[in-house]
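Visitor: Below you'll find the structure I mean.
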Amino acid sequence: MKPDERDSFSLAELVERFGGVVVGDPGTRISQVASLEAAGPDHLSFLTGAKFLKLLSSSHAGAVIVPENSRDATAIPRIVSSNPYAYYAKVAALLNQERVPAVGVHPQAVVHPGARVAASASVGPCAVVEEGASIGEAAIIGAGCFVGRSARIGSRTRLHPNVTVYHDCEIGSRVIIHSGAVIGADGFGMAMEAGKWLKIPQIGRVLVGDDVEIGANTTIDRGALDDTVIEECVKLDNQIQIGHNCRIGAYTAIAGCVGIAGSTRIGRYCRLGGSAMISGHLTIGDRVDISGGTLVAKSISKPGAYTAVFPMSPHEDWLKNASVVRHLHEMRDRIRALEEEIKNKERNQP
Amino acid sequence: MKPDERDSFSLAELVERFGGVVVGDPGTRISQVASLEAAGPDHLSFLTGAKFLKLLSSSHAGAVIVPENSRDATAIPRIVSSNPYAYYAKVAALLNQERVPAVGVHPQAVVHPGARVAASASVGPCAVVEEGASIGEAAIIGAGCFVGRSARIGSRTRLHPNVTVYHDCEIGSRVIIHSGAVIGADGFGMAMEAGKWLKIPQIGRVLVGDDVEIGANTTIDRGALDDTVIEECVKLDNQIQIGHNCRIGAYTAIAGCVGIAGSTRIGRYCRLGGSAMISGHLTIGDRVDISGGTLVAKSISKPGAYTAVFPMSPHEDWLKNASVVRHLHEMRDRIRALEEEIKNKERNQP
Amino acid sequence: MKPDERDSFSLAELVERFGGVVVGDPGTRISQVASLEAAGPDHLSFLTGAKFLKLLSSSHAGAVIVPENSRDATAIPRIVSSNPYAYYAKVAALLNQERVPAVGVHPQAVVHPGARVAASASVGPCAVVEEGASIGEAAIIGAGCFVGRSARIGSRTRLHPNVTVYHDCEIGSRVIIHSGAVIGADGFGMAMEAGKWLKIPQIGRVLVGDDVEIGANTTIDRGALDDTVIEECVKLDNQIQIGHNCRIGAYTAIAGCVGIAGSTRIGRYCRLGGSAMISGHLTIGDRVDISGGTLVAKSISKPGAYTAVFPMSPHEDWLKNASVVRHLHEMRDRIRALEEEIKNKERNQP
């Protein structure tokens with residue numbers, strides 16, 4: 001926590017910036033955001049649904065953001081907003097401005113003379129920027145990052161420490177890439193000949209749109225022939241693997257540990273739950289939600305939620321039920337046989 | 001293997017250090033541990049269960065650690081112990097003392113003048129330690145590591161090369177973190193407003209307790225408002241993802257590739273099998289075992305083993321059985337119908 | 001894309017190098033490979049199956065590689081080959097020769113005086129090579145890599161930036177390791193004693209054979225007592241976890257996000273689909289294919305394809321069917337009861 005960085009704002013100042021209506025004392029001053037349980041008198045909290053009303057009644061928050069239908073649910077000074085969670089996001093960002101490293105190339109960074117680094121950019125110690133690469137205005141290249149030959153990093157983009165961007169890849173503006181992510185490694189392509197694998201050169205790139213966020217240790221492979229494309233405002237959690245030649249549509253959010261095999265296209269505004277796995281060469285339409293742990297082996301054109309998860313039980317129960325799964329086909333045949341038998345009996349009865 | 005580092009010990013010396021009883025020649029000298037199959041005359045092996053008795057009879061081990069009920073199962077000199085595996089762990093540690101780098105800050109490390117590094121600590125080449133960070137007594141910061149602003153690394157903790165610890169995180173004492181791990185990246189939080197994602201600032205920290213081990217490329221996200229907490233002596237394998245605001249109870253062991261979504265609490269002494277996935281906002285009690293590959297979507301309060309895995313078959317058999325899964329509900333209805341029909345017949349029979 | 005690097009070749013020159021037969025103008029010049037859709041007049045494309053014949057008819061490719069049975073399927077100049085995909089791999093490699101960094105140790109690399117680096121090798125900036133390590137002829141150690149004490153990197157092997165190889169591990173010749181991979185971290189071994197975990201020292205190594213490729217952020221743990229072995233020409237995609245003491249047989253290809261628990265042996269020429277999970281201490285024979293998302297909990301001796309995946313449905317349908325899974329055992333009993341009842345009735349009928 002960085003108290004030295006924080007300012008305080010009155011509710012009146014907040015609604016001037018972000019809209020909404022104050023109910024209660026508009027002079028109430030706020031210095032930080034907090035959950036309803038943890039909030040103290042100089043904290044702003046938020047209420048997103050009726051199930052939190054109980055917490056609201058016992059909260060010590062100095063102020064709270066409430067939806068319109070809870071305008072009168074508390075005596076705490078409050079901001080009424082149609083989208084309290086988004087409102088909270090904005091106030092939290094205001095009160096917790098990111099600390100950025102000093103502008104300029106650190107003396108222990110290694111920047112090739114044939115690279116272009118904007119004067120307002122920052123390149124950290126032990127970062128390496130290769131020939132022909134370009135680093136945009138106010139971009140931040142963290143310690144230990146690698147930006148390969150002719151790669152481009154857009155303006156105001158931040159690479160946290162130890163990120164790797166391979167040659168020729170292009171990262172948009174205002175992108176955030178967390179530590180350990182690898183952008184542009186070779187896709188997994190090989191041909192079998194005479195019992196041996198031949199490597200297929202991966203000559204495409206990775207193109208990452210503006211306002212994308214990429215989590216820690218996530219990997220996005222470069223294309224085999226064409227490019228791998230992450231459209232604007234895609235949000236990727238940690239440890240995601242995106243294969244070569246995939247295209248991820250704008251505003252899609254993908255949770256941790258998801259794998260997407262090569263040449264699959266995911267639409268816009270999709271949500272993929274943690275550990276979901278999408279096979280290669282599929283097309284998933286817009287506004288498709290995939291539940292956590294689901295393996296998708298077929299294309300999906302219709303918006304909606306899709307699931308494929310074996311339901312959990314105590315291990316002893318699972319053993320009993322799982323043993324039946326290998327006989328489901330036979331069970332269906334037995335049901336059919338019973339149905340036939342009964343039908344035949346009826347027919348034969350006088 | 002590092003023969004130059006190894007000493008040799010007699011069985012008598014070992015029981016003096018670690019307890020247990022020698023049967024056979026207490027002067028038998030041991031220079032290394034080995035499996036029953038690979039062991040030679042100067043090796044100590046161990047027997048953990050009856051199923052290894054066969055291997056014992058043909059082993060060339062110089063000595064062996066046996067449980068009490070196998071005291072007389074061999075003529076090989078032996079140490080009788082109530083817990084042969086733990087005994088072996090101790091002897092193995094004695095014979096294979098970790099080589100540690102030289103004390104001090106490497107001339108090619110980059111340590112901010114406002115960081116505190118204990119005189120007995122080691123900071124490797126190309127490691128970066130930022131302002132306000134502190135590195136404890138005898139701690140080892142490997143080559144290429146990044147320790148962010150105001151982060152704290154406890155005494156005797158070892159970060160292997162290329163570990164990233166974000167600002168303000170706190171790592172306890174005697175912690176081991178393997179290469180590529182990322183501690184304290186932003187949690188996956190955003191709010192949707194007018195069709196766009198707004199980032200939720202992640203202002204919590206990661207707190208890692210004493211004696212924790214964290215595997216290679218594992219990621220632990222910082223909290224959104226409160227902290228993410230890994231309690232003492234938790235053991236994490238490689239490539240695990242732990243979301244923001246999780247709490248992992250002491251002594252819990254988690255195998256590779258597990259994902260735990262945000263705000264979930266895992267109890268003490270739990271064991272999570274490889275690739276298990278735990279949804280967010282759940283509470284898993286103490287001493288719960290989750291089988292590998294299991295998706296947990298509900299809280300679990302009762303100790304025991306839980307499983308959710310589709311049983312494997314040859315692909316052709318799987319196709320037949322899986323096709324039935326989509327009709328299970330209908331099958332149950334057909335069984336009910338058959339039961340009704342038979343009951344009705346009985347009623348109608350004279 | 002690197003036009004400056006590209007040469008052009010006539011079809012006649014290509015068949016002189018790689019075999020096959022030209023049909024049409026052998027003087028047709030080719031400067032790059034491309035897909036049938038994207039190809040222009042100086043591009044070579046390829047046809048791998050009948051389902052692409054439609055694309056062929058509308059392609060603007062200057063030339064195309066076709067299988068023998070499609071020799072006359074087009075008027076485009078063509079090379080007839082028994083294995084068009086492998087042929088394409090070779091031409092692609094010819095036209096897209098990898099750019100390699102300058103030979104020699106970068107002034108900002110940190111190479112211990114007791115390490116051996118071949119004169120033809122390249123060690124990038126901020127790479128660290130420890131005492132006793134050896135780097136083979138024409139090997140490339142990328143920026144920010146770590147090669148631990150006494151590790152060996154074979155000739156013509158390339159470590160992309162930010163790879164970590166722990167002490168004593170041995171990497172063969174012509175191996176490619178992508179960024180973020182960690183070779184030789186400690187296996188996950190500990191013994192419980194009196195409610196506490198004791199670490200088992202991991203004293204084995206990782207041995208990686210010739211011509212192996214290892215994807216970004218993949219982790220391979222060192223052995224506990226014996227070594228972890230990756231045989232020659234194994235191909236590993238990104239984010240794979242291989243536990244201690246595993247052995248992966250030659251020519252086996254493993255897709256992204258797969259986890260293999262400790263002490264498991266995988267045969268030769270196996271293929272493991274994305275996100276598959278293999279339990280520990282198993283033996284999988286040669287030429288076994290595991291479908292994506294499949295958990296393997298038993299050894300497999302017979303070649304063939306194996307699957308264990310819950311079939312996907314719209315979430316509402318899944319809810320209905322999944323609720324039945326927990327009653328499968330009971331359902332089977334009900335079917336049995338119905339069968340008995342009908343049989344009894346028949347017996348009792350006159």
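Chains: A, B, ... in order of the structure tokens. Residues: from 1 per chain. Ligands: from 1, in order shown.
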Write down as a VMD selection string the residues belonging to segment 136-253 of chain A that are assigned strand (DSSP E) by DSSP computed on the backbone.

Guide: chain A and resid 140 to 141 146 to 147 152 to 153 158 to 159 164 to 165 170 to 171 176 to 177 182 to 185 190 to 193 196 to 199 206 to 208 213 to 214 219 to 221 228 to 230 235 to 236 241 to 242 247 to 248 253

Visitor: Restricting the output to C-alpha atoms, write the selected residues as a PDB file, in the first residue's frame.

Guide:
```pdb
ATOM      1  CA  ILE A 140       7.487   1.201 -20.343  1.00  0.00           C
ATOM      2  CA  ILE A 141       9.782  -1.750 -20.966  1.00  0.00           C
ATOM      3  CA  PHE A 146      13.384  -8.741 -24.458  1.00  0.00           C
ATOM      4  CA  VAL A 147      12.013  -6.932 -27.520  1.00  0.00           C
ATOM      5  CA  ARG A 152       6.942  -2.644 -32.336  1.00  0.00           C
ATOM      6  CA  ILE A 153       5.641  -1.600 -28.943  1.00  0.00           C
ATOM      7  CA  ARG A 158       3.675  -1.400 -20.392  1.00  0.00           C
ATOM      8  CA  LEU A 159       5.710  -4.573 -20.392  1.00  0.00           C
ATOM      9  CA  THR A 164       9.641 -11.648 -24.094  1.00  0.00           C
ATOM     10  CA  VAL A 165       8.443 -10.282 -27.450  1.00  0.00           C
ATOM     11  CA  GLU A 170       3.462  -5.714 -33.101  1.00  0.00           C
ATOM     12  CA  ILE A 171       1.907  -4.644 -29.814  1.00  0.00           C
ATOM     13  CA  ILE A 176      -0.392  -4.212 -20.452  1.00  0.00           C
ATOM     14  CA  ILE A 177       1.714  -7.379 -20.549  1.00  0.00           C
ATOM     15  CA  VAL A 182       5.984 -14.755 -24.229  1.00  0.00           C
ATOM     16  CA  ILE A 183       4.652 -13.201 -27.427  1.00  0.00           C
ATOM     17  CA  GLY A 184       5.648 -14.622 -30.771  1.00  0.00           C
ATOM     18  CA  ALA A 185       7.390 -17.924 -30.043  1.00  0.00           C
ATOM     19  CA  MET A 190       5.987 -29.999 -38.074  1.00  0.00           C
ATOM     20  CA  ALA A 191       5.642 -32.526 -40.861  1.00  0.00           C
ATOM     21  CA  MET A 192       6.431 -36.223 -40.508  1.00  0.00           C
ATOM     22  CA  GLU A 193       8.701 -37.649 -43.195  1.00  0.00           C
ATOM     23  CA  LYS A 196      11.201 -37.980 -38.514  1.00  0.00           C
ATOM     24  CA  TRP A 197       9.722 -34.593 -37.727  1.00  0.00           C
ATOM     25  CA  LEU A 198      10.584 -31.677 -39.996  1.00  0.00           C
ATOM     26  CA  LYS A 199      10.076 -28.240 -38.497  1.00  0.00           C
ATOM     27  CA  VAL A 206       1.646 -11.816 -33.542  1.00  0.00           C
ATOM     28  CA  LEU A 207      -0.440  -8.647 -33.781  1.00  0.00           C
ATOM     29  CA  VAL A 208      -1.844  -7.406 -30.477  1.00  0.00           C
ATOM     30  CA  GLU A 213      -4.123  -6.949 -21.238  1.00  0.00           C
ATOM     31  CA  ILE A 214      -2.053 -10.147 -21.177  1.00  0.00           C
ATOM     32  CA  THR A 219       2.041 -17.435 -24.326  1.00  0.00           C
ATOM     33  CA  ILE A 220       0.845 -16.381 -27.787  1.00  0.00           C
ATOM     34  CA  ASP A 221       2.506 -18.092 -30.733  1.00  0.00           C
ATOM     35  CA  THR A 228      -1.910 -14.579 -35.014  1.00  0.00           C
ATOM     36  CA  VAL A 229      -4.238 -11.709 -34.098  1.00  0.00           C
ATOM     37  CA  ILE A 230      -5.470 -10.495 -30.716  1.00  0.00           C
ATOM     38  CA  LYS A 235      -8.400  -9.429 -21.734  1.00  0.00           C
ATOM     39  CA  LEU A 236      -6.220 -12.474 -21.098  1.00  0.00           C
ATOM     40  CA  GLN A 241      -1.753 -20.623 -24.367  1.00  0.00           C
ATOM     41  CA  ILE A 242      -2.877 -19.311 -27.756  1.00  0.00           C
ATOM     42  CA  ARG A 247      -7.745 -14.764 -33.948  1.00  0.00           C
ATOM     43  CA  ILE A 248      -9.351 -13.577 -30.710  1.00  0.00           C
ATOM     44  CA  ALA A 253     -12.172 -12.120 -21.817  1.00  0.00           C
TER      45      ALA A 253
END
```

Visitor: Run DSSP on the backbone and give me the residues of segment 11-252 of chain A it puts in helix (DSSP H, G or I), as a PyMOL selection string.

Guide: chain A and resi 11-18+50-57+68-70+84-95

Visitor: Write a file of the just-selected residues containing C-alpha atoms, as a CSV table (one decimal), in the first residue's frame.

Guide:
```
chain,number,residue,atom,x,y,z
A,11,LEU,CA,-18.0,12.9,-3.1
A,12,ALA,CA,-18.9,16.2,-4.8
A,13,GLU,CA,-15.5,16.1,-6.6
A,14,LEU,CA,-16.1,12.5,-7.6
A,15,VAL,CA,-19.5,13.0,-9.2
A,16,GLU,CA,-18.1,16.0,-11.0
A,17,ARG,CA,-15.5,13.7,-12.6
A,18,PHE,CA,-17.5,10.5,-13.1
A,50,ALA,CA,-29.1,-7.2,-3.2
A,51,LYS,CA,-27.2,-10.1,-1.6
A,52,PHE,CA,-24.7,-7.5,-0.2
A,53,LEU,CA,-27.4,-5.4,1.5
A,54,LYS,CA,-26.6,-7.3,4.8
A,55,LEU,CA,-23.0,-6.3,4.6
A,56,LEU,CA,-24.0,-2.7,3.8
A,57,SER,CA,-26.0,-2.4,7.0
A,68,GLU,CA,-30.5,3.2,-8.3
A,69,ASN,CA,-32.7,0.7,-6.7
A,70,SER,CA,-30.7,0.9,-3.4
A,84,PRO,CA,-21.6,0.8,-9.3
A,85,TYR,CA,-18.8,-1.7,-10.2
A,86,ALA,CA,-17.6,0.4,-13.1
A,87,TYR,CA,-17.9,3.5,-11.0
A,88,TYR,CA,-15.7,1.9,-8.4
A,89,ALA,CA,-13.2,0.9,-11.0
A,90,LYS,CA,-12.8,4.6,-12.0
A,91,VAL,CA,-12.5,5.9,-8.4
A,92,ALA,CA,-10.0,3.1,-7.6
A,93,ALA,CA,-7.9,4.1,-10.6
A,94,LEU,CA,-8.0,7.7,-9.6
A,95,LEU,CA,-6.9,6.9,-6.0
```

Visitor: Could the residues of chain C within 6 Å of chain A, counting only C-alpha atoms, be given as a ChimeraX atom specification, please?

Guide: /C:86,89,93,237,310-315,328-329

Visitor: For the atom pair atom CA of Pro77 of chain A and atom CA of Asn96 of chain A, what is the interatomic distance in Å to one decimal place?

Guide: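 According to the coordinates, atom CA of Pro77 of chain A and atom CA of Asn96 of chain A are separated by 21.8 Å.
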
Visitor: For atom CA of Ser155 of chain C and atom CA of Arg174 of chain C, determine how far apart the two atoms are, in Å to one decimal place.

Guide: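 Between atom CA of Ser155 of chain C and atom CA of Arg174 of chain C the gap works out to 6.4 Å.
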